[in-house]
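Participant: my_file.tsv (TSV, C-alpha atoms) pasted underneath:
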```tsv
chain	number	residue	atom	x	y	z
A	86	MET	CA	0.00	0.00	0.00
A	87	GLY	CA	1.33	3.47	-0.87
A	88	ASN	CA	0.95	6.64	1.09
A	89	SER	CA	-2.71	7.57	1.48
A	90	VAL	CA	-3.77	10.92	0.07
A	91	PRO	CA	-6.59	12.73	1.89
A	92	ASP	CA	-9.76	13.30	-0.14
A	93	TRP	CA	-10.01	17.07	0.38
A	94	GLU	CA	-13.39	17.33	-1.35
A	95	TYR	CA	-15.00	14.88	1.08
A	96	LEU	CA	-13.28	16.55	4.03
A	97	LEU	CA	-14.69	19.90	2.91
A	98	GLU	CA	-18.16	18.40	2.48
A	99	LEU	CA	-18.00	16.76	5.91
A	100	CYS	CA	-17.07	20.10	7.51
A	101	LEU	CA	-19.98	21.82	5.72
A	102	LEU	CA	-22.41	19.11	6.86
A	103	ILE	CA	-21.30	19.55	10.46
A	104	VAL	CA	-21.97	23.28	10.13
A	105	LEU	CA	-25.33	22.61	8.42
A	106	GLU	CA	-26.51	20.44	11.29
A	107	LYS	CA	-25.91	23.39	13.64
A	108	ILE	CA	-27.72	25.94	11.47
A	109	ASP	CA	-31.47	26.51	11.73
A	110	GLU	CA	-31.88	29.67	9.63
A	111	PRO	CA	-33.10	28.72	6.13
A	112	ILE	CA	-31.31	31.63	4.42
A	113	SER	CA	-27.95	30.54	5.84
A	114	ARG	CA	-28.51	26.99	4.66
A	115	VAL	CA	-29.41	28.20	1.18
A	116	GLN	CA	-26.11	30.04	0.99
A	117	PHE	CA	-24.19	26.92	2.01
A	118	GLY	CA	-26.22	24.79	-0.39
A	119	ALA	CA	-25.23	26.71	-3.50
A	120	ARG	CA	-22.65	24.06	-4.48
A	121	ARG	CA	-23.95	20.75	-5.88
A	122	SER	CA	-22.54	17.80	-3.97
A	123	SER	CA	-24.33	14.70	-5.26
A	124	PRO	CA	-25.36	13.43	-8.70
A	125	ASN	CA	-29.03	13.17	-7.70
A	126	LEU	CA	-31.54	15.98	-8.03
A	127	VAL	CA	-34.14	16.35	-5.28
A	128	PRO	CA	-37.01	14.16	-6.51
A	129	MET	CA	-40.54	15.44	-6.92
A	130	LEU	CA	-43.71	13.79	-5.66
A	131	MET	CA	-45.96	12.54	-8.45
A	132	VAL	CA	-49.62	12.69	-7.47
A	133	PRO	CA	-52.45	11.05	-9.47
A	134	SER	CA	-55.38	13.00	-10.87
A	135	LYS	CA	-59.05	11.98	-10.89
A	136	LYS	CA	-59.73	14.34	-13.77
A	137	SER	CA	-57.42	12.82	-16.38
A	138	ALA	CA	-56.19	9.33	-17.26
A	139	THR	CA	-52.98	10.63	-18.82
A	140	LYS	CA	-52.02	13.66	-16.72
A	141	GLN	CA	-50.43	13.65	-13.28
A	142	LYS	CA	-49.33	16.42	-10.94
A	143	VAL	CA	-45.80	16.81	-9.61
A	144	TYR	CA	-45.16	18.55	-6.32
A	145	SER	CA	-41.82	20.22	-5.63
A	146	LEU	CA	-40.51	19.68	-2.11
A	147	GLN	CA	-38.17	22.62	-2.56
A	148	ALA	CA	-40.82	25.13	-3.66
A	149	LYS	CA	-43.43	23.48	-1.36
A	150	SER	CA	-46.26	25.08	-3.32
A	151	LYS	CA	-45.14	24.57	-6.90
A	152	VAL	CA	-47.31	22.06	-8.74
A	153	ALA	CA	-46.82	21.27	-12.42
A	154	LYS	CA	-48.62	18.84	-14.68
A	155	ILE	CA	-46.94	16.17	-16.77
A	156	GLU	CA	-48.60	14.05	-19.41
A	157	PHE	CA	-48.07	10.42	-20.40
A	158	PRO	CA	-48.57	9.09	-23.93
A	159	LYS	CA	-50.90	6.40	-22.58
A	160	PRO	CA	-53.32	6.26	-19.64
A	161	TYR	CA	-51.37	5.55	-16.47
A	162	THR	CA	-51.78	2.30	-14.63
A	163	ARG	CA	-52.67	1.56	-11.05
A	164	ARG	CA	-49.05	1.10	-10.07
A	165	TYR	CA	-45.66	2.24	-11.34
A	166	PHE	CA	-42.71	-0.12	-11.06
A	167	GLY	CA	-39.70	2.16	-11.21
A	168	SER	CA	-38.58	5.75	-11.55
A	169	CYS	CA	-34.96	6.54	-12.44
A	170	TYR	CA	-33.43	9.56	-14.18
A	171	GLY	CA	-36.91	10.88	-15.08
A	172	TRP	CA	-38.02	7.56	-16.65
A	173	ILE	CA	-41.05	5.75	-15.24
A	174	ALA	CA	-41.59	2.02	-15.78
A	175	THR	CA	-45.00	0.50	-16.48
A	176	VAL	CA	-46.12	-2.98	-17.48
A	177	ASP	CA	-49.25	-4.10	-19.32
A	178	LYS	CA	-51.24	-7.32	-19.02
A	179	SER	CA	-49.02	-9.02	-21.63
A	180	PHE	CA	-45.92	-8.16	-19.55
A	181	ASN	CA	-44.56	-5.63	-21.99
A	182	ILE	CA	-42.44	-3.17	-20.00
A	183	THR	CA	-42.31	0.45	-21.16
A	184	LEU	CA	-40.02	3.24	-19.96
A	185	SER	CA	-41.70	6.65	-20.31
A	186	ASN	CA	-40.11	10.05	-19.78
A	187	PRO	CA	-43.00	12.51	-19.30
A	188	PHE	CA	-40.61	15.47	-19.08
A	189	LYS	CA	-39.27	14.75	-22.59
A	190	ASN	CA	-42.38	13.02	-24.01
A	191	LEU	CA	-40.37	9.92	-24.92
A	192	SER	CA	-40.96	6.17	-24.54
A	193	ILE	CA	-38.75	3.09	-24.78
A	194	HIS	CA	-40.43	-0.27	-25.33
A	195	LEU	CA	-38.50	-3.16	-23.84
A	196	PRO	CA	-38.83	-6.82	-24.89
A	197	ARG	CA	-41.77	-8.80	-23.56
A	198	PHE	CA	-41.14	-10.32	-20.16
A	199	ASP	CA	-41.83	-14.05	-20.50
A	200	SER	CA	-40.87	-15.62	-17.17
A	201	MET	CA	-44.19	-15.23	-15.37
A	202	ALA	CA	-46.07	-18.44	-16.18
A	203	TYR	CA	-45.69	-20.02	-12.73
A	204	ASP	CA	-46.82	-16.95	-10.79
A	205	SER	CA	-50.43	-16.47	-9.76
A	206	GLY	CA	-52.30	-13.27	-9.04
A	207	SER	CA	-52.67	-9.92	-10.79
A	208	TYR	CA	-50.00	-8.73	-13.22
A	209	THR	CA	-49.64	-5.54	-11.14
A	210	TYR	CA	-47.83	-7.58	-8.48
A	211	LYS	CA	-45.56	-9.64	-10.72
A	212	ILE	CA	-43.11	-6.89	-11.66
A	213	GLN	CA	-41.99	-5.47	-8.33
A	214	LYS	CA	-39.29	-2.96	-9.24
A	215	VAL	CA	-37.40	-1.66	-12.29
A	216	VAL	CA	-34.00	0.01	-11.85
A	217	LEU	CA	-31.78	1.71	-14.47
A	218	SER	CA	-27.99	1.91	-14.37
A	219	ASP	CA	-27.86	5.15	-16.40
A	220	ASP	CA	-30.06	7.65	-18.20
A	221	PRO	CA	-30.98	6.18	-21.63
A	222	LEU	CA	-30.93	9.71	-23.05
A	223	LEU	CA	-27.27	10.12	-22.15
A	224	HIS	CA	-26.22	6.48	-22.72
A	225	PRO	CA	-28.65	5.12	-25.35
A	226	ASN	CA	-26.55	2.05	-26.14
A	227	ASN	CA	-24.96	1.45	-22.77
A	228	PHE	CA	-27.62	1.34	-20.05
A	229	VAL	CA	-28.84	-1.66	-18.06
A	230	VAL	CA	-32.38	-2.38	-16.84
A	231	VAL	CA	-32.67	-4.69	-13.83
A	232	VAL	CA	-36.06	-6.03	-12.77
A	233	ILE	CA	-37.23	-7.65	-9.55
A	234	TYR	CA	-40.10	-9.93	-10.56
A	235	SER	CA	-42.37	-12.66	-9.20
A	236	VAL	CA	-43.71	-13.14	-5.69
A	237	TYR	CA	-40.44	-14.99	-5.06
A	238	GLY	CA	-38.33	-11.86	-5.57
A	239	ARG	CA	-36.24	-13.01	-8.53
A	240	VAL	CA	-34.02	-10.91	-10.81
A	241	ALA	CA	-33.58	-10.37	-14.56
A	242	PHE	CA	-31.79	-7.76	-16.65
A	243	TYR	CA	-31.73	-6.29	-20.15
A	244	ARG	CA	-29.27	-4.22	-22.21
A	245	PRO	CA	-29.92	-2.58	-25.61
A	246	CYS	CA	-27.52	-5.06	-27.25
A	247	GLN	CA	-29.77	-7.97	-26.22
A	248	GLU	CA	-32.90	-9.23	-27.95
A	249	ASN	CA	-34.42	-10.66	-24.77
A	250	TRP	CA	-34.19	-10.53	-21.01
A	251	ILE	CA	-31.58	-12.59	-19.16
A	252	TYR	CA	-33.05	-14.31	-16.11
A	253	MET	CA	-30.73	-14.89	-13.17
A	254	ASP	CA	-30.35	-18.38	-11.74
A	255	VAL	CA	-31.06	-18.20	-8.01
A	256	ASP	CA	-30.81	-20.61	-5.11
A	257	GLU	CA	-32.50	-20.57	-1.73
A	258	ASP	CA	-30.20	-17.88	-0.32
A	259	GLN	CA	-30.62	-15.56	-3.28
A	260	SER	CA	-34.39	-15.15	-3.63
A	261	LEU	CA	-36.96	-12.80	-2.08
A	262	ILE	CA	-35.05	-9.77	-3.36
A	263	SER	CA	-36.55	-6.40	-2.33
A	264	ASP	CA	-34.23	-3.70	-3.66
A	265	ILE	CA	-31.40	-3.24	-6.16
A	266	LEU	CA	-28.55	-0.78	-6.51
A	267	PHE	CA	-25.77	-0.18	-9.05
A	268	HIS	CA	-22.56	0.40	-7.10
A	269	LYS	CA	-18.87	0.29	-8.07
A	270	GLY	CA	-19.54	-1.52	-11.35
A	271	LEU	CA	-21.72	-4.26	-9.82
A	272	VAL	CA	-25.39	-4.83	-9.08
A	273	TYR	CA	-26.16	-5.25	-5.37
A	274	ALA	CA	-29.47	-6.70	-4.20
A	275	ILE	CA	-30.94	-7.03	-0.72
A	276	GLY	CA	-33.71	-9.40	0.33
A	277	GLU	CA	-36.54	-9.63	2.82
A	278	TYR	CA	-34.47	-11.75	5.22
A	279	ASN	CA	-31.37	-9.52	5.21
A	280	ASN	CA	-29.76	-11.59	2.47
A	281	LEU	CA	-27.32	-9.60	0.31
A	282	VAL	CA	-26.02	-10.62	-3.12
A	283	SER	CA	-24.06	-9.04	-5.96
A	284	PHE	CA	-23.46	-9.79	-9.64
A	285	ASP	CA	-21.71	-8.33	-12.68
A	286	VAL	CA	-23.64	-7.73	-15.91
A	287	ASN	CA	-20.67	-6.29	-17.80
A	288	GLY	CA	-19.10	-9.56	-18.90
A	289	VAL	CA	-22.24	-11.17	-20.31
A	290	GLY	CA	-22.32	-11.83	-24.07
A	291	ASP	CA	-24.90	-10.32	-26.40
A	292	ASP	CA	-26.39	-13.53	-27.79
A	293	GLU	CA	-29.20	-15.54	-26.24
A	294	SER	CA	-26.92	-18.54	-25.55
A	295	SER	CA	-24.91	-16.51	-23.04
A	296	LYS	CA	-25.14	-17.78	-19.50
A	297	PRO	CA	-26.37	-15.37	-16.83
A	298	PRO	CA	-23.70	-14.04	-14.47
A	299	LYS	CA	-23.13	-15.87	-11.21
A	300	LEU	CA	-24.69	-14.41	-8.09
A	301	ASN	CA	-22.22	-13.81	-5.29
A	302	THR	CA	-23.86	-14.37	-1.88
A	303	LEU	CA	-22.46	-11.82	0.55
A	304	VAL	CA	-24.96	-12.45	3.36
A	305	PRO	CA	-27.06	-15.65	3.23
A	306	LYS	CA	-30.78	-15.72	3.88
A	307	ILE	CA	-31.72	-16.92	7.38
A	308	LEU	CA	-35.39	-17.87	7.59
A	309	LYS	CA	-36.18	-16.59	11.06
A	310	LEU	CA	-39.12	-14.39	11.97
A	311	GLU	CA	-36.85	-11.82	13.64
A	312	ASN	CA	-34.94	-11.47	10.36
A	313	TYR	CA	-38.01	-10.74	8.25
A	314	LEU	CA	-38.34	-7.19	6.95
A	315	HIS	CA	-41.60	-5.81	5.56
A	316	ARG	CA	-39.57	-3.26	3.60
A	317	VAL	CA	-35.80	-2.94	3.13
A	318	TYR	CA	-33.90	-0.60	0.81
A	319	LEU	CA	-30.35	-0.14	-0.46
A	320	VAL	CA	-28.96	3.35	-0.89
A	321	LYS	CA	-25.61	4.86	-1.80
A	322	SER	CA	-24.83	8.10	0.02
A	323	SER	CA	-23.41	11.19	-1.64
A	324	MET	CA	-20.06	10.14	-0.18
A	325	GLY	CA	-20.26	6.74	-1.88
A	326	ASN	CA	-21.03	4.64	1.21
A	327	LEU	CA	-23.55	1.79	1.11
A	328	TYR	CA	-26.45	1.60	3.56
A	329	SER	CA	-29.44	-0.67	4.13
A	330	ILE	CA	-32.59	1.02	5.42
A	331	HIS	CA	-35.28	-0.99	7.22
A	332	LYS	CA	-38.85	0.24	7.53
A	333	HIS	CA	-40.90	-0.92	10.54
A	334	PHE	CA	-44.71	-0.91	10.63
A	335	ASP	CA	-47.50	-0.78	13.15
A	336	PHE	CA	-50.73	-2.55	12.19
A	337	GLU	CA	-54.29	-1.90	13.28
A	338	LYS	CA	-57.62	-3.45	12.41
A	339	VAL	CA	-59.97	-1.30	10.32
A	340	GLY	CA	-63.26	-3.08	9.81
A	341	GLU	CA	-62.43	-6.61	8.70
A	342	ARG	CA	-58.98	-5.72	7.41
A	343	MET	CA	-55.61	-4.65	8.72
A	344	ALA	CA	-54.21	-1.18	8.02
A	345	HIS	CA	-50.54	-0.23	8.38
A	346	TRP	CA	-48.55	2.79	9.53
A	347	THR	CA	-44.83	3.45	9.39
A	348	LYS	CA	-43.48	3.28	12.93
A	349	LYS	CA	-39.78	3.97	12.41
A	350	PHE	CA	-36.69	3.27	10.30
A	351	THR	CA	-33.38	1.70	11.26
A	352	VAL	CA	-30.26	2.30	9.18
A	353	PHE	CA	-27.18	0.09	8.81
A	354	LYS	CA	-23.87	0.93	7.20
A	355	LEU	CA	-22.63	-1.97	5.07
A	356	ILE	CA	-18.87	-2.39	4.99
A	357	LEU	CA	-17.54	-4.56	2.18
A	358	ASP	CA	-14.18	-5.68	0.85
A	359	TYR	CA	-14.80	-4.66	-2.76
A	360	GLU	CA	-11.51	-6.03	-4.02
A	361	ASN	CA	-12.24	-9.56	-2.82
A	362	GLY	CA	-16.04	-9.43	-3.02
A	363	LYS	CA	-16.54	-10.12	0.69
A	364	PHE	CA	-18.96	-8.75	3.27
A	365	LEU	CA	-17.13	-7.46	6.37
A	366	GLU	CA	-19.53	-5.76	8.75
A	367	LYS	CA	-22.98	-4.26	9.26
A	368	LYS	CA	-23.42	-1.66	11.98
A	369	GLU	CA	-26.46	0.36	12.99
A	370	VAL	CA	-25.95	4.11	12.61
A	371	GLU	CA	-27.88	7.34	13.19
A	372	SER	CA	-26.36	9.21	10.25
A	373	ILE	CA	-26.49	8.65	6.49
A	374	ASP	CA	-23.44	10.84	5.88
A	375	GLY	CA	-25.71	13.81	6.57
A	376	ASP	CA	-27.81	13.00	3.48
A	377	ILE	CA	-31.55	13.17	2.91
A	378	VAL	CA	-32.86	9.83	1.63
A	379	PHE	CA	-36.00	9.13	-0.42
A	380	VAL	CA	-37.46	5.61	-0.33
A	381	SER	CA	-40.34	3.88	-2.08
A	382	ASP	CA	-40.95	0.74	-4.09
A	383	ASN	CA	-40.24	2.63	-7.31
A	384	ASN	CA	-37.03	4.47	-6.37
A	385	THR	CA	-34.45	4.81	-3.61
A	386	LEU	CA	-31.88	7.61	-3.64
A	387	ALA	CA	-29.84	9.91	-1.42
A	388	VAL	CA	-29.39	13.65	-1.87
A	389	SER	CA	-26.75	15.69	-0.10
A	390	ALA	CA	-28.17	18.18	2.43
A	391	LEU	CA	-26.05	20.76	0.59
A	392	ASP	CA	-28.32	20.29	-2.43
A	393	PHE	CA	-31.59	20.42	-0.48
A	394	PRO	CA	-31.35	23.42	1.86
A	395	GLY	CA	-34.97	23.07	2.95
A	396	GLY	CA	-34.47	19.49	4.14
A	397	GLN	CA	-33.07	18.14	7.38
A	398	PRO	CA	-29.82	16.10	7.27
A	399	ASN	CA	-30.20	12.41	8.15
A	400	SER	CA	-33.92	12.29	7.42
A	401	ILE	CA	-35.90	9.78	5.35
A	402	TYR	CA	-38.78	10.83	3.09
A	403	PHE	CA	-41.09	7.88	2.40
A	404	THR	CA	-44.17	7.05	0.37
A	405	ASP	CA	-46.70	4.29	0.96
A	406	ASP	CA	-45.14	1.24	-0.70
A	407	PHE	CA	-46.76	-1.54	1.26
A	408	ILE	CA	-47.92	-3.48	-1.81
A	409	ASP	CA	-51.20	-4.84	-0.58
A	410	TRP	CA	-54.23	-3.48	-2.36
A	411	ASP	CA	-56.51	-4.99	0.27
A	412	ALA	CA	-54.84	-2.67	2.77
A	413	TYR	CA	-54.99	0.25	0.35
A	414	GLU	CA	-58.70	-0.22	-0.17
A	415	VAL	CA	-59.33	0.47	3.50
A	416	LEU	CA	-57.75	3.93	3.76
A	417	GLY	CA	-55.80	4.36	0.53
A	418	PRO	CA	-52.00	4.63	0.14
A	419	ARG	CA	-51.79	7.45	2.70
A	420	ASP	CA	-48.76	6.33	4.75
A	421	ILE	CA	-46.38	9.12	3.69
A	422	GLY	CA	-44.05	11.25	5.77
A	423	ILE	CA	-40.56	12.13	6.99
A	424	PHE	CA	-38.63	10.19	9.61
A	425	HIS	CA	-35.83	11.98	11.47
A	426	LEU	CA	-33.02	9.67	12.54
A	427	LYS	CA	-31.73	12.12	15.15
A	428	ASP	CA	-34.76	11.94	17.46
A	429	GLY	CA	-37.00	9.27	15.90
A	430	SER	CA	-39.79	11.75	15.15
A	431	LEU	CA	-42.23	11.62	12.22
A	432	GLU	CA	-43.87	14.46	10.31
A	433	LYS	CA	-45.77	15.04	7.07
A	434	TYR	CA	-44.40	16.67	3.91
A	435	TYR	CA	-47.67	16.45	1.94
A	436	GLN	CA	-51.27	15.96	2.99
A	437	PHE	CA	-52.79	12.81	1.49
A	438	LYS	CA	-56.15	13.48	-0.16
A	439	SER	CA	-58.93	11.03	0.63
A	440	SER	CA	-60.22	11.44	-2.94
A	441	HIS	CA	-57.03	9.63	-4.06
A	442	LYS	CA	-57.90	6.55	-2.03
A	443	ASP	CA	-58.57	4.34	-5.06
A	444	LEU	CA	-55.85	5.82	-7.31
A	445	SER	CA	-52.24	4.79	-7.75
A	446	PRO	CA	-49.86	5.53	-4.85
A	447	TYR	CA	-47.78	8.69	-4.80
A	448	ILE	CA	-44.25	8.08	-6.09
A	449	TRP	CA	-40.91	9.88	-6.37
A	450	ILE	CA	-39.83	11.00	-9.81
A	451	SER	CA	-36.46	12.52	-10.64
A	452	PRO	CA	-37.20	15.72	-12.55
A	453	SER	CA	-35.58	17.48	-15.44
A	454	LYS	CA	-33.60	20.48	-14.18
A	455	GLU	CA	-36.16	23.00	-15.39
A	456	TYR	CA	-38.83	21.45	-13.12
A	457	ASN	CA	-36.74	21.33	-9.93
```
Turn the structure described in the file into structure tokens.
Facilitator:
Amino acid sequence: MGNSVPDWEYLLELCLLIVLEKIDEPISRVQFGARRSSPNLVPMLMVPSKKSATKQKVYSLQAKSKVAKIEFPKPYTRRYFGSCYGWIATVDKSFNITLSNPFKNLSIHLPRFDSMAYDSGSYTYKIQKVVLSDDPLLHPNNFVVVVIYSVYGRVAFYRPCQENWIYMDVDEDQSLISDILFHKGLVYAIGEYNNLVSFDVNGVGDDESSKPPKLNTLVPKILKLENYLHRVYLVKSSMGNLYSIHKHFDFEKVGERMAHWTKKFTVFKLILDYENGKFLEKKEVESIDGDIVFVSDNNTLAVSALDFPGGQPNSIYFTDDFIDWDAYEVLGPRDIGIFHLKDGSLEKYYQFKSSHKDLSPYIWISPSKEYN
């Protein structure tokens, strides 16, 4: 090992975050937040409309009162399956996945998904999440789409050079995947029982005879009730660190059904040996490098507090992503709010409208710069 060189940019950012946590005056925080520190823009909240089947409203957390309308080329569906770089993923009854960018009025039609024959239930449950490695507008021939599909939480991926999807071979330890993240050239996936795996899509050939990449099990699945997580997310901080975020629920009976409420979040820093592909340690923390994190079943991302002066460092903005339409039908997908890691408190950032009870859940969408 050679002499280590200090990363002055991260040291500067850390110093600014320490100052930010001590500052309450909004104008002072705006001045400090003039410099962009993370690649992610502050996402906007997309809210359904009862008046139109193609138009939705977007609410800016930064402006707090700014609402714009965006239009989709086709009527929107009851649930969206992913939102990355301004692209929103939808699936139809024939399992054709479409990426739509309502800010640019563009659509990308992906190959038909054909690995669903053994799953039962509505098609709206079978595709759980769609994640992009890069913006297709900036990298039209070099982006990757990874999908979590099936009630068993399996994984597949697609690149523009392929004709069809490549479905990953999984064993007992590698199923029930809940969230996916591109990090340091690999795909990382976390499951409902704290299982953690990684794989590399870069070395896979373009033809259909190519074998899927091997999944590397970093943390095996342990089928114990205390290990089960209703919702778990992976996020990369603005400083490049990897975290798992666990959402905990309270349940109450409403009529003949059970309704849910977010009780709290716990956050764990994941320490890996990237050179040897080994998991080293997981430790519970009360800081996400000072970032503000946004979680949902369609997108998970971290934004530096320097880029969101109106937000509180080490807070988690969440939408209602408990995928159970029976529960939604009771009160609607109204479990939205902010959780503050520092003191464990909860607050609202947007008031759920009871008229939206039977519409699609609110989701995060990464805006074009002119909308932010």
Participant: I'd like the neighbourhood of A:Tyr170 as a ChimeraX atom specification, where a residue qualifies if any of its atoms comes within 9 Å (using all atoms listed in the file), though same-chain residues fewer than 2 positions away should be ignored.
Facilitator: /A:125,168,172-173,186,217,219-221,450-453
Participant: Next, dump the selected residues to file, keeping only C-alpha atoms, as a compact mmCIF listing (two decimals), keeping the file's coordinate frame.
Facilitator:
```txt
# COMPACT_ATOMS: atom_id res chain seq x y z
CA ASN A 125 -29.03 13.17 -7.70
CA SER A 168 -38.58 5.75 -11.55
CA TRP A 172 -38.02 7.56 -16.65
CA ILE A 173 -41.05 5.75 -15.24
CA ASN A 186 -40.11 10.05 -19.78
CA LEU A 217 -31.78 1.71 -14.47
CA ASP A 219 -27.86 5.15 -16.40
CA ASP A 220 -30.06 7.65 -18.20
CA PRO A 221 -30.98 6.18 -21.63
CA ILE A 450 -39.83 11.00 -9.81
CA SER A 451 -36.46 12.52 -10.64
CA PRO A 452 -37.20 15.72 -12.55
CA SER A 453 -35.58 17.48 -15.44
```
Participant: Pick from A:His315, A:Arg197, A:Arg342, A:His441: nearest to A:Pro418, with only C-alpha atoms counted?
Facilitator: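 Under the stated criterion, the closest residue is A:His441.
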Participant: What gap, in Å, lies between atom CA of A:Asn326 and atom CA of A:Leu184?
Facilitator: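 Atom CA of A:Leu184 lies 28.5 Å from atom CA of A:Asn326.
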Participant: Which one of A:Asp420, A:Asp358, A:Glu277, A:Asp406 sits closest to A:Gly167 if you count all atoms listed in the file?
Facilitator: A:Asp406
Participant: Within 7 Å of (-28.9, 1.6, 12.4) (coordinates as in the file), grab all the protein and nucleic acid residues, counting all atoms listed in the file, and write them out as a PyMOL selection string.
Facilitator: chain A and resi 351-353+368-371
Participant: So how far away is atom CA of A:Phe242 from atom CA of A:Val229, in Å?
Facilitator: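 Separating atom CA of A:Val229 from atom CA of A:Phe242 is a distance of 6.9 Å.
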Participant: Might you pull out every residue within 7 Å of stretch 303-305 of chain A, with only C-alpha atoms counted and same-chain residues fewer than 4 positions away left off, and present them as a tab-separated table (two decimals) with C-alpha atoms, in the frame of the given file?
Facilitator:
```tsv
chain	number	residue	atom	x	y	z
A	258	ASP	CA	-30.20	-17.88	-0.32
A	280	ASN	CA	-29.76	-11.59	2.47
A	281	LEU	CA	-27.32	-9.60	0.31
A	282	VAL	CA	-26.02	-10.62	-3.12
A	363	LYS	CA	-16.54	-10.12	0.69
A	364	PHE	CA	-18.96	-8.75	3.27
```
Participant: N, CA and C atoms for stretch 140-154 of chain A, written as a short mmCIF file (atom, residue, chain, number, x, y, z; two decimals), in the coordinates of the input, could you do that?
Facilitator:
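Result went into result-v7.cif, see below:
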```
data_model
loop_
_atom_site.label_atom_id
_atom_site.label_comp_id
_atom_site.auth_asym_id
_atom_site.auth_seq_id
_atom_site.Cartn_x
_atom_site.Cartn_y
_atom_site.Cartn_z
N LYS A 140 -52.77 12.59 -17.38
CA LYS A 140 -52.02 13.66 -16.72
C LYS A 140 -51.86 13.38 -15.23
N GLN A 141 -50.69 13.74 -14.71
CA GLN A 141 -50.43 13.65 -13.28
C GLN A 141 -49.81 14.96 -12.82
N LYS A 142 -49.93 15.23 -11.52
CA LYS A 142 -49.33 16.42 -10.94
C LYS A 142 -48.00 16.06 -10.29
N VAL A 143 -47.06 17.00 -10.33
CA VAL A 143 -45.80 16.81 -9.61
C VAL A 143 -45.65 17.96 -8.63
N TYR A 144 -45.27 17.60 -7.41
CA TYR A 144 -45.16 18.55 -6.32
C TYR A 144 -43.69 18.71 -5.95
N SER A 145 -43.21 19.94 -5.94
CA SER A 145 -41.82 20.22 -5.63
C SER A 145 -41.64 20.39 -4.12
N LEU A 146 -40.80 19.56 -3.53
CA LEU A 146 -40.51 19.68 -2.11
C LEU A 146 -39.74 20.96 -1.81
N GLN A 147 -38.98 21.43 -2.79
CA GLN A 147 -38.17 22.62 -2.56
C GLN A 147 -39.02 23.90 -2.61
N ALA A 148 -39.94 23.95 -3.58
CA ALA A 148 -40.82 25.13 -3.66
C ALA A 148 -41.98 25.04 -2.68
N LYS A 149 -42.36 23.79 -2.32
CA LYS A 149 -43.43 23.48 -1.36
C LYS A 149 -44.82 23.87 -1.83
N SER A 150 -44.94 24.71 -2.83
CA SER A 150 -46.26 25.08 -3.32
C SER A 150 -46.33 24.96 -4.85
N LYS A 151 -45.19 24.64 -5.45
CA LYS A 151 -45.14 24.57 -6.90
C LYS A 151 -45.69 23.24 -7.39
N VAL A 152 -46.73 23.27 -8.18
CA VAL A 152 -47.31 22.06 -8.74
C VAL A 152 -47.36 22.22 -10.26
N ALA A 153 -46.77 21.28 -10.96
CA ALA A 153 -46.82 21.27 -12.42
C ALA A 153 -47.53 20.01 -12.88
N LYS A 154 -47.96 20.00 -14.12
CA LYS A 154 -48.62 18.84 -14.68
C LYS A 154 -47.74 18.22 -15.75
#
```
